[in-house]
$ cat my_file10.cif   # mmCIF, C-alpha atoms, pLDDT in the B column; chains and numbers go by the auth columns
data_my_file
#
loop_
_atom_site.group_PDB
_atom_site.id
_atom_site.type_symbol
_atom_site.label_atom_id
_atom_site.label_comp_id
_atom_site.label_asym_id
_atom_site.label_seq_id
_atom_site.Cartn_x
_atom_site.Cartn_y
_atom_site.Cartn_z
_atom_site.B_iso_or_equiv
_atom_site.auth_seq_id
_atom_site.auth_asym_id
ATOM 1 C CA MET A 1 9.615 35.638 47.723 88.00 1 A
ATOM 2 C CA LEU A 2 9.425 39.424 47.864 91.00 2 A
ATOM 3 C CA ASN A 3 12.974 40.180 48.982 95.00 3 A
ATOM 4 C CA PRO A 4 14.435 39.604 45.479 95.00 4 A
ATOM 5 C CA THR A 5 12.216 42.386 44.116 95.00 5 A
ATOM 6 C CA ALA A 6 13.618 44.834 46.656 96.00 6 A
ATOM 7 C CA VAL A 7 17.184 43.702 45.971 97.00 7 A
ATOM 8 C CA VAL A 8 16.857 43.896 42.178 97.00 8 A
ATOM 9 C CA ASP A 9 15.120 47.290 42.402 97.00 9 A
ATOM 10 C CA SER A 10 18.028 48.507 44.533 97.00 10 A
ATOM 11 C CA LEU A 11 20.608 47.107 42.109 98.00 11 A
ATOM 12 C CA PHE A 12 19.058 48.882 39.142 98.00 12 A
ATOM 13 C CA ILE A 13 18.588 52.144 41.050 98.00 13 A
ATOM 14 C CA SER A 14 22.320 52.029 41.808 97.00 14 A
ATOM 15 C CA ARG A 15 23.048 51.401 38.145 97.00 15 A
ATOM 16 C CA ILE A 16 20.866 54.316 37.044 98.00 16 A
ATOM 17 C CA THR A 17 22.400 56.677 39.611 97.00 17 A
ATOM 18 C CA GLU A 18 25.908 55.314 39.073 96.00 18 A
ATOM 19 C CA THR A 19 26.341 54.673 42.797 97.00 19 A
ATOM 20 C CA GLN A 20 27.820 51.704 44.640 95.00 20 A
ATOM 21 C CA GLU A 21 25.570 48.658 44.494 94.00 21 A
ATOM 22 C CA LEU A 22 24.448 47.501 47.940 92.00 22 A
ATOM 23 C CA PHE A 23 24.119 43.834 46.960 93.00 23 A
ATOM 24 C CA SER A 24 26.325 41.313 45.181 94.00 24 A
ATOM 25 C CA SER A 25 23.502 38.901 44.373 94.00 25 A
ATOM 26 C CA ASP A 26 19.859 39.144 43.326 94.00 26 A
ATOM 27 C CA ASN A 27 18.791 38.028 46.811 94.00 27 A
ATOM 28 C CA THR A 28 20.220 38.089 50.313 95.00 28 A
ATOM 29 C CA ILE A 29 21.354 35.091 52.328 94.00 29 A
ATOM 30 C CA GLU A 30 19.416 36.258 55.379 94.00 30 A
ATOM 31 C CA THR A 31 15.719 36.931 54.987 94.00 31 A
ATOM 32 C CA PRO A 32 15.000 40.460 56.194 96.00 32 A
ATOM 33 C CA THR A 33 12.328 41.127 58.773 96.00 33 A
ATOM 34 C CA ILE A 34 9.030 42.388 57.424 94.00 34 A
ATOM 35 C CA THR A 35 9.924 45.828 58.818 97.00 35 A
ATOM 36 C CA GLU A 36 13.297 45.842 57.032 97.00 36 A
ATOM 37 C CA LEU A 37 11.719 44.618 53.797 96.00 37 A
ATOM 38 C CA ARG A 38 8.933 47.208 53.966 96.00 38 A
ATOM 39 C CA GLU A 39 11.469 49.987 54.555 97.00 39 A
ATOM 40 C CA ARG A 40 13.680 48.844 51.663 96.00 40 A
ATOM 41 C CA MET A 41 10.687 48.547 49.340 95.00 41 A
ATOM 42 C CA ASN A 42 9.287 51.938 50.392 96.00 42 A
ATOM 43 C CA ASN A 43 12.665 53.608 49.796 97.00 43 A
ATOM 44 C CA ASN A 44 13.006 51.989 46.373 97.00 44 A
ATOM 45 C CA ASP A 45 9.419 52.766 45.415 95.00 45 A
ATOM 46 C CA SER A 46 9.814 56.405 46.461 97.00 46 A
ATOM 47 C CA TRP A 47 12.969 56.788 44.384 98.00 47 A
ATOM 48 C CA LEU A 48 11.384 55.103 41.352 97.00 48 A
ATOM 49 C CA ILE A 49 8.218 57.208 41.593 95.00 49 A
ATOM 50 C CA ASN A 50 10.164 60.446 41.982 97.00 50 A
ATOM 51 C CA PHE A 51 12.432 59.590 39.067 98.00 51 A
ATOM 52 C CA SER A 52 9.543 58.602 36.809 95.00 52 A
ATOM 53 C CA GLN A 53 7.656 61.821 37.586 95.00 53 A
ATOM 54 C CA THR A 54 10.560 63.998 36.478 96.00 54 A
ATOM 55 C CA ALA A 55 12.212 61.868 33.788 97.00 55 A
ATOM 56 C CA THR A 56 12.356 63.205 30.274 97.00 56 A
ATOM 57 C CA LEU A 57 12.211 61.072 27.156 97.00 57 A
ATOM 58 C CA SER A 58 15.975 61.560 26.890 97.00 58 A
ATOM 59 C CA ASP A 59 16.400 60.245 30.447 97.00 59 A
ATOM 60 C CA LEU A 60 14.330 57.142 29.645 97.00 60 A
ATOM 61 C CA GLU A 61 16.294 56.464 26.459 98.00 61 A
ATOM 62 C CA ARG A 62 19.673 56.671 28.232 98.00 62 A
ATOM 63 C CA ILE A 63 21.555 53.393 27.934 98.00 63 A
ATOM 64 C CA ILE A 64 23.005 51.869 31.080 97.00 64 A
ATOM 65 C CA ASN A 65 25.916 49.429 30.754 97.00 65 A
ATOM 66 C CA PHE A 66 26.307 47.178 33.776 96.00 66 A
ATOM 67 C CA GLN A 67 27.340 43.792 35.023 95.00 67 A
ATOM 68 C CA PHE A 68 24.676 41.338 36.227 94.00 68 A
ATOM 69 C CA THR A 69 25.329 39.736 39.600 93.00 69 A
ATOM 70 C CA ASP A 70 26.239 36.477 37.810 93.00 70 A
ATOM 71 C CA GLY A 71 29.049 38.291 35.976 93.00 71 A
ATOM 72 C CA ASP A 72 27.411 38.653 32.554 95.00 72 A
ATOM 73 C CA SER A 73 27.451 42.064 30.894 96.00 73 A
ATOM 74 C CA GLY A 74 24.194 43.897 30.369 95.00 74 A
ATOM 75 C CA GLN A 75 22.935 46.937 28.545 98.00 75 A
ATOM 76 C CA LEU A 76 19.437 48.379 28.926 98.00 76 A
ATOM 77 C CA SER A 77 17.787 51.734 28.465 98.00 77 A
ATOM 78 C CA ILE A 78 16.228 53.185 31.589 98.00 78 A
ATOM 79 C CA HIS A 79 12.845 52.591 29.977 97.00 79 A
ATOM 80 C CA GLU A 80 13.714 48.907 29.587 98.00 80 A
ATOM 81 C CA ILE A 81 14.923 48.792 33.193 98.00 81 A
ATOM 82 C CA PHE A 82 11.561 50.123 34.380 97.00 82 A
ATOM 83 C CA VAL A 83 9.708 47.505 32.309 95.00 83 A
ATOM 84 C CA HIS A 84 11.980 44.819 33.762 96.00 84 A
ATOM 85 C CA LEU A 85 11.361 45.995 37.325 96.00 85 A
ATOM 86 C CA LEU A 86 7.597 45.995 36.768 92.00 86 A
ATOM 87 C CA THR A 87 7.511 42.496 35.307 92.00 87 A
ATOM 88 C CA HIS A 88 10.033 41.134 37.811 93.00 88 A
ATOM 89 C CA GLY A 89 8.052 42.490 40.756 90.00 89 A
ATOM 90 C CA SER A 90 4.780 41.227 39.290 86.00 90 A
ATOM 91 C CA ASN A 91 6.246 37.751 38.934 87.00 91 A
ATOM 92 C CA HIS A 92 7.314 37.624 42.583 86.00 92 A
ATOM 93 C CA ARG A 93 4.027 39.085 43.850 85.00 93 A
ATOM 94 C CA GLY A 94 2.238 36.407 41.835 85.00 94 A
ATOM 95 C CA MET A 95 4.341 33.681 43.456 87.00 95 A
ATOM 96 C CA ALA A 96 3.566 35.073 46.896 85.00 96 A
ATOM 97 C CA SER A 97 -0.151 35.231 46.074 85.00 97 A
ATOM 98 C CA ARG A 98 -0.179 31.619 44.906 87.00 98 A
ATOM 99 C CA THR A 99 1.602 30.532 48.077 87.00 99 A
ATOM 100 C CA LEU A 100 -0.981 32.322 50.218 86.00 100 A
ATOM 101 C CA SER A 101 -3.790 30.742 48.206 86.00 101 A
ATOM 102 C CA SER A 102 -2.278 27.257 48.533 91.00 102 A
ATOM 103 C CA LYS A 103 -2.349 27.735 52.315 90.00 103 A
ATOM 104 C CA GLY A 104 -6.037 28.684 52.224 90.00 104 A
ATOM 105 C CA LEU A 105 -5.322 32.374 52.824 87.00 105 A
ATOM 106 C CA LYS A 106 -6.880 35.275 50.960 87.00 106 A
ATOM 107 C CA ARG A 107 -4.771 36.588 48.099 81.00 107 A
ATOM 108 C CA PRO A 108 -4.119 40.350 48.101 78.00 108 A
ATOM 109 C CA LYS A 109 -5.663 42.508 45.402 77.00 109 A
ATOM 110 C CA ASN A 110 -2.350 43.844 44.126 73.00 110 A
ATOM 111 C CA THR A 111 -2.769 43.890 40.374 74.00 111 A
ATOM 112 C CA PHE A 112 -1.888 46.788 38.093 75.00 112 A
ATOM 113 C CA THR A 113 -5.551 47.450 37.397 78.00 113 A
ATOM 114 C CA ARG A 114 -6.249 47.645 41.156 79.00 114 A
ATOM 115 C CA PHE A 115 -3.354 50.082 41.552 76.00 115 A
ATOM 116 C CA LEU A 116 -4.728 52.340 38.806 81.00 116 A
ATOM 117 C CA HIS A 117 -8.132 52.413 40.451 81.00 117 A
ATOM 118 C CA ILE A 118 -6.619 53.291 43.822 83.00 118 A
ATOM 119 C CA ILE A 119 -4.560 56.213 42.522 83.00 119 A
ATOM 120 C CA GLU A 120 -7.342 57.357 40.168 86.00 120 A
ATOM 121 C CA PRO A 121 -10.600 56.667 42.051 85.00 121 A
ATOM 122 C CA GLU A 122 -12.653 58.213 39.268 86.00 122 A
ATOM 123 C CA ARG A 123 -12.007 54.971 37.351 78.00 123 A
ATOM 124 C CA TRP A 124 -14.454 53.271 39.767 76.00 124 A
ATOM 125 C CA THR A 125 -17.325 55.177 38.190 72.00 125 A
ATOM 126 C CA SER A 126 -19.628 53.582 35.692 57.00 126 A
ATOM 127 C CA THR A 127 -18.067 52.592 32.381 55.00 127 A
ATOM 128 C CA THR A 128 -21.044 54.149 30.602 46.00 128 A
ATOM 129 C CA THR A 129 -20.042 57.681 31.640 47.00 129 A
ATOM 130 C CA SER A 130 -19.680 59.920 28.592 46.00 130 A
ATOM 131 C CA ASN A 131 -16.826 62.345 28.009 49.00 131 A
ATOM 132 C CA GLU A 132 -19.156 64.766 26.282 47.00 132 A
ATOM 133 C CA ASP A 133 -19.644 68.281 27.716 42.00 133 A
#
$ encode --input "my_file10.cif" --output "structure tokens"
Amino acid sequence: MLNPTAVVDSLFISRITETQELFSSDNTIETPTITELRERMNNNDSWLINFSQTATLSDLERIINFQFTDGDSGQLSIHEIFVHLLTHGSNHRGMASRTLSSKGLKRPKNTFTRFLHIIEPERWTSTTTSNED
């Protein structure tokens, strides 16, 4: 369930960088090992984070013309691509969480709000804290 997120991230990174796409479909026939999947996802995440930290508004507005893996033509701004990748990944993580839950396993705390609190721990403080000096 998570491999398609890594594949689609890779496809769109290739489209943004105008490099050869590594995949011809939105998933692979063979399921990668957890190690391979983790490596692919870490590489994609690192590229996306680095790009987003340095991107200008002009970069985000740049239109990318491409061909979907099913042959249809597509056109998205880089900003729209990032929104797509976020929602696409969230959808697949949700499916994986539901599968774990249906098997009686604990679902991971991998929501956007959890992520924000991890990278900005000060958000864990009381909500009654004032911004006054």
$ atom_distance --input "my_file10.cif" --atom1 "CA of Thr111 in chain A" --atom2 "CA of Gln75 in chain A"
28.5 Å
$ atom_distance --input "my_file10.cif" --atom1 "CA of Asp9 in chain A" --atom2 "CA of Asn44 in chain A"
6.5 Å
$ residues_around --input "my_file10.cif" --residues "range 57-69 of chain A" --least-positions-apart "4" --cutoff "7 Å" --atoms "only C-alpha atoms" --output "PyMOL selection string"
chain A and resi 15-16+24-26+73-79
$ write_last_selection --input "my_file10.cif" --atoms "C-alpha atoms" --output "PDB file, keeping the file's coordinate frame"
ATOM      1  CA  ARG A  15      23.048  51.401  38.145  1.00 97.00           C
ATOM      2  CA  ILE A  16      20.866  54.316  37.044  1.00 98.00           C
ATOM      3  CA  SER A  24      26.325  41.313  45.181  1.00 94.00           C
ATOM      4  CA  SER A  25      23.502  38.901  44.373  1.00 94.00           C
ATOM      5  CA  ASP A  26      19.859  39.144  43.326  1.00 94.00           C
ATOM      6  CA  SER A  73      27.451  42.064  30.894  1.00 96.00           C
ATOM      7  CA  GLY A  74      24.194  43.897  30.369  1.00 95.00           C
ATOM      8  CA  GLN A  75      22.935  46.937  28.545  1.00 98.00           C
ATOM      9  CA  LEU A  76      19.437  48.379  28.926  1.00 98.00           C
ATOM     10  CA  SER A  77      17.787  51.734  28.465  1.00 98.00           C
ATOM     11  CA  ILE A  78      16.228  53.185  31.589  1.00 98.00           C
ATOM     12  CA  HIS A  79      12.845  52.591  29.977  1.00 97.00           C
TER      13      HIS A  79
END
$ residues_near_point --input "my_file10.cif" --point "(4.0, 34.4, 45.1)" --cutoff "12 Å" --atoms "all atoms listed in the file" --output "list of chain:residue names"
A:Met1, A:Leu2, A:Asn3, A:Pro4, A:Thr5, A:His88, A:Gly89, A:Ser90, A:Asn91, A:His92, A:Arg93, A:Gly94, A:Met95, A:Ala96, A:Ser97, A:Arg98, A:Thr99, A:Leu100, A:Ser101, A:Ser102, A:Lys103, A:Arg107, A:Pro108, A:Asn110
$ write_last_selection --input "my_file10.cif" --atoms "C-alpha atoms" --output "short mmCIF file (atom, residue, chain, number, x, y, z; two decimals), in the frame of the given file"
data_model
loop_
_atom_site.label_atom_id
_atom_site.label_comp_id
_atom_site.auth_asym_id
_atom_site.auth_seq_id
_atom_site.Cartn_x
_atom_site.Cartn_y
_atom_site.Cartn_z
CA MET A 1 9.62 35.64 47.72
CA LEU A 2 9.43 39.42 47.86
CA ASN A 3 12.97 40.18 48.98
CA PRO A 4 14.44 39.60 45.48
CA THR A 5 12.22 42.39 44.12
CA HIS A 88 10.03 41.13 37.81
CA GLY A 89 8.05 42.49 40.76
CA SER A 90 4.78 41.23 39.29
CA ASN A 91 6.25 37.75 38.93
CA HIS A 92 7.31 37.62 42.58
CA ARG A 93 4.03 39.08 43.85
CA GLY A 94 2.24 36.41 41.84
CA MET A 95 4.34 33.68 43.46
CA ALA A 96 3.57 35.07 46.90
CA SER A 97 -0.15 35.23 46.07
CA ARG A 98 -0.18 31.62 44.91
CA THR A 99 1.60 30.53 48.08
CA LEU A 100 -0.98 32.32 50.22
CA SER A 101 -3.79 30.74 48.21
CA SER A 102 -2.28 27.26 48.53
CA LYS A 103 -2.35 27.74 52.32
CA ARG A 107 -4.77 36.59 48.10
CA PRO A 108 -4.12 40.35 48.10
CA ASN A 110 -2.35 43.84 44.13
#
$ axis_aligned_box --input "my_file10.cif" --around "range 83-87 of chain A" --padding-each-side "8 Å" --output "AutoDock Vina command-line options"
--center_x 9.7 --center_y 45.0 --center_z 34.8 --size_x 20.5 --size_y 21.0 --size_z 21.0
$ residues_near_point --input "my_file10.cif" --point "(12.0, 55.0, 37.7)" --cutoff "10 Å" --atoms "all atoms listed in the file" --output "compact mmCIF listing (two decimals) with C-alpha atoms, in the coordinates of the input"
# COMPACT_ATOMS: atom_id res chain seq x y z
CA ASP A 9 15.12 47.29 42.40
CA PHE A 12 19.06 48.88 39.14
CA ILE A 13 18.59 52.14 41.05
CA ILE A 16 20.87 54.32 37.04
CA ASN A 44 13.01 51.99 46.37
CA ASP A 45 9.42 52.77 45.42
CA SER A 46 9.81 56.40 46.46
CA TRP A 47 12.97 56.79 44.38
CA LEU A 48 11.38 55.10 41.35
CA ILE A 49 8.22 57.21 41.59
CA ASN A 50 10.16 60.45 41.98
CA PHE A 51 12.43 59.59 39.07
CA SER A 52 9.54 58.60 36.81
CA GLN A 53 7.66 61.82 37.59
CA THR A 54 10.56 64.00 36.48
CA ALA A 55 12.21 61.87 33.79
CA ASP A 59 16.40 60.24 30.45
CA LEU A 60 14.33 57.14 29.64
CA ILE A 78 16.23 53.18 31.59
CA HIS A 79 12.84 52.59 29.98
CA ILE A 81 14.92 48.79 33.19
CA PHE A 82 11.56 50.12 34.38
CA VAL A 83 9.71 47.50 32.31
CA LEU A 85 11.36 46.00 37.33
$ closest_residue --input "my_file10.cif" --among "A:Gly71, A:Leu86, A:Val7, A:His117" --to "Thr31 in chain A" --atoms "all atoms listed in the file"
A:Val7
$ atom_distance --input "my_file10.cif" --atom1 "CA of Thr17 in chain A" --atom2 "CA of Asp72 in chain A"
20.0 Å
$ decode --input "my_file10.cif" --residues "range 70-82 of chain A" --atoms "all heavy atoms" --output "PDB file, in the first residue's frame"
ATOM      1  N   ASP A  70      -0.687   6.298 -17.633  1.00  0.00           N
ATOM      2  CA  ASP A  70      -1.725   5.651 -18.450  1.00  0.00           C
ATOM      3  C   ASP A  70      -1.805   6.250 -19.854  1.00  0.00           C
ATOM      4  O   ASP A  70      -2.639   5.872 -20.655  1.00  0.00           O
ATOM      5  CB  ASP A  70      -3.085   5.717 -17.760  1.00  0.00           C
ATOM      6  CG  ASP A  70      -3.633   7.132 -17.627  1.00  0.00           C
ATOM      7  OD1 ASP A  70      -3.003   8.104 -18.104  1.00  0.00           O
ATOM      8  OD2 ASP A  70      -4.717   7.276 -17.018  1.00  0.00           O
ATOM      9  N   GLY A  71      -0.909   7.217 -20.137  1.00  0.00           N
ATOM     10  CA  GLY A  71      -0.848   7.810 -21.470  1.00  0.00           C
ATOM     11  C   GLY A  71      -1.528   9.155 -21.601  1.00  0.00           C
ATOM     12  O   GLY A  71      -1.298   9.859 -22.584  1.00  0.00           O
ATOM     13  N   ASP A  72      -2.386   9.533 -20.658  1.00  0.00           N
ATOM     14  CA  ASP A  72      -3.044  10.833 -20.718  1.00  0.00           C
ATOM     15  C   ASP A  72      -2.035  11.954 -20.488  1.00  0.00           C
ATOM     16  O   ASP A  72      -1.046  11.779 -19.777  1.00  0.00           O
ATOM     17  CB  ASP A  72      -4.145  10.940 -19.658  1.00  0.00           C
ATOM     18  CG  ASP A  72      -5.384  10.133 -20.001  1.00  0.00           C
ATOM     19  OD1 ASP A  72      -5.527   9.717 -21.173  1.00  0.00           O
ATOM     20  OD2 ASP A  72      -6.208   9.910 -19.092  1.00  0.00           O
ATOM     21  N   SER A  73      -2.310  13.103 -21.091  1.00  0.00           N
ATOM     22  CA  SER A  73      -1.473  14.282 -20.891  1.00  0.00           C
ATOM     23  C   SER A  73      -1.873  14.980 -19.612  1.00  0.00           C
ATOM     24  O   SER A  73      -3.044  14.988 -19.229  1.00  0.00           O
ATOM     25  CB  SER A  73      -1.623  15.248 -22.067  1.00  0.00           C
ATOM     26  OG  SER A  73      -1.133  14.651 -23.238  1.00  0.00           O
ATOM     27  N   GLY A  74      -0.881  15.578 -18.957  1.00  0.00           N
ATOM     28  CA  GLY A  74      -1.139  16.317 -17.730  1.00  0.00           C
ATOM     29  C   GLY A  74      -0.386  17.620 -17.709  1.00  0.00           C
ATOM     30  O   GLY A  74       0.610  17.800 -18.420  1.00  0.00           O
ATOM     31  N   GLN A  75      -0.888  18.540 -16.894  1.00  0.00           N
ATOM     32  CA  GLN A  75      -0.241  19.829 -16.723  1.00  0.00           C
ATOM     33  C   GLN A  75      -0.561  20.305 -15.314  1.00  0.00           C
ATOM     34  O   GLN A  75      -1.727  20.482 -14.956  1.00  0.00           O
ATOM     35  CB  GLN A  75      -0.761  20.827 -17.756  1.00  0.00           C
ATOM     36  CG  GLN A  75      -0.083  22.175 -17.688  1.00  0.00           C
ATOM     37  CD  GLN A  75      -0.687  23.140 -18.678  1.00  0.00           C
ATOM     38  OE1 GLN A  75      -1.788  23.642 -18.460  1.00  0.00           O
ATOM     39  NE2 GLN A  75       0.029  23.392 -19.758  1.00  0.00           N
ATOM     40  N   LEU A  76       0.467  20.496 -14.508  1.00  0.00           N
ATOM     41  CA  LEU A  76       0.300  20.965 -13.134  1.00  0.00           C
ATOM     42  C   LEU A  76       1.416  21.944 -12.800  1.00  0.00           C
ATOM     43  O   LEU A  76       2.540  21.816 -13.308  1.00  0.00           O
ATOM     44  CB  LEU A  76       0.388  19.800 -12.135  1.00  0.00           C
ATOM     45  CG  LEU A  76      -0.695  18.729 -12.178  1.00  0.00           C
ATOM     46  CD1 LEU A  76      -0.289  17.537 -11.315  1.00  0.00           C
ATOM     47  CD2 LEU A  76      -2.021  19.300 -11.704  1.00  0.00           C
ATOM     48  N   SER A  77       1.119  22.889 -11.930  1.00  0.00           N
ATOM     49  CA  SER A  77       2.185  23.715 -11.381  1.00  0.00           C
ATOM     50  C   SER A  77       2.921  22.873 -10.343  1.00  0.00           C
ATOM     51  O   SER A  77       2.391  21.864  -9.844  1.00  0.00           O
ATOM     52  CB  SER A  77       1.613  24.979 -10.732  1.00  0.00           C
ATOM     53  OG  SER A  77       0.904  24.643  -9.546  1.00  0.00           O
ATOM     54  N   ILE A  78       4.117  23.278 -10.005  1.00  0.00           N
ATOM     55  CA  ILE A  78       4.852  22.535  -8.975  1.00  0.00           C
ATOM     56  C   ILE A  78       4.098  22.597  -7.655  1.00  0.00           C
ATOM     57  O   ILE A  78       4.037  21.604  -6.920  1.00  0.00           O
ATOM     58  CB  ILE A  78       6.304  23.035  -8.856  1.00  0.00           C
ATOM     59  CG1 ILE A  78       7.061  22.682 -10.146  1.00  0.00           C
ATOM     60  CG2 ILE A  78       6.990  22.458  -7.629  1.00  0.00           C
ATOM     61  CD1 ILE A  78       8.490  23.155 -10.199  1.00  0.00           C
ATOM     62  N   HIS A  79       3.479  23.724  -7.371  1.00  0.00           N
ATOM     63  CA  HIS A  79       2.654  23.826  -6.165  1.00  0.00           C
ATOM     64  C   HIS A  79       1.554  22.771  -6.175  1.00  0.00           C
ATOM     65  O   HIS A  79       1.327  22.071  -5.185  1.00  0.00           O
ATOM     66  CB  HIS A  79       2.051  25.235  -6.069  1.00  0.00           C
ATOM     67  CG  HIS A  79       1.111  25.408  -4.934  1.00  0.00           C
ATOM     68  ND1 HIS A  79      -0.258  25.394  -5.100  1.00  0.00           N
ATOM     69  CD2 HIS A  79       1.342  25.564  -3.614  1.00  0.00           C
ATOM     70  CE1 HIS A  79      -0.826  25.550  -3.925  1.00  0.00           C
ATOM     71  NE2 HIS A  79       0.110  25.661  -3.007  1.00  0.00           N
ATOM     72  N   GLU A  80       0.877  22.622  -7.297  1.00  0.00           N
ATOM     73  CA  GLU A  80      -0.179  21.608  -7.404  1.00  0.00           C
ATOM     74  C   GLU A  80       0.387  20.194  -7.282  1.00  0.00           C
ATOM     75  O   GLU A  80      -0.255  19.317  -6.699  1.00  0.00           O
ATOM     76  CB  GLU A  80      -0.925  21.776  -8.732  1.00  0.00           C
ATOM     77  CG  GLU A  80      -1.750  23.041  -8.798  1.00  0.00           C
ATOM     78  CD  GLU A  80      -2.238  23.354 -10.202  1.00  0.00           C
ATOM     79  OE1 GLU A  80      -1.548  23.032 -11.192  1.00  0.00           O
ATOM     80  OE2 GLU A  80      -3.332  23.959 -10.303  1.00  0.00           O
ATOM     81  N   ILE A  81       1.580  19.983  -7.808  1.00  0.00           N
ATOM     82  CA  ILE A  81       2.220  18.666  -7.676  1.00  0.00           C
ATOM     83  C   ILE A  81       2.460  18.357  -6.208  1.00  0.00           C
ATOM     84  O   ILE A  81       2.169  17.255  -5.741  1.00  0.00           O
ATOM     85  CB  ILE A  81       3.537  18.608  -8.479  1.00  0.00           C
ATOM     86  CG1 ILE A  81       3.232  18.583  -9.982  1.00  0.00           C
ATOM     87  CG2 ILE A  81       4.388  17.410  -8.070  1.00  0.00           C
ATOM     88  CD1 ILE A  81       4.447  18.745 -10.879  1.00  0.00           C
ATOM     89  N   PHE A  82       2.960  19.332  -5.456  1.00  0.00           N
ATOM     90  CA  PHE A  82       3.202  19.110  -4.026  1.00  0.00           C
ATOM     91  C   PHE A  82       1.900  18.797  -3.289  1.00  0.00           C
ATOM     92  O   PHE A  82       1.868  17.897  -2.442  1.00  0.00           O
ATOM     93  CB  PHE A  82       3.914  20.315  -3.414  1.00  0.00           C
ATOM     94  CG  PHE A  82       5.412  20.231  -3.502  1.00  0.00           C
ATOM     95  CD1 PHE A  82       6.055  20.063  -4.722  1.00  0.00           C
ATOM     96  CD2 PHE A  82       6.193  20.306  -2.374  1.00  0.00           C
ATOM     97  CE1 PHE A  82       7.433  19.964  -4.811  1.00  0.00           C
ATOM     98  CE2 PHE A  82       7.569  20.216  -2.437  1.00  0.00           C
ATOM     99  CZ  PHE A  82       8.189  20.049  -3.657  1.00  0.00           C
TER     100      PHE A  82
END
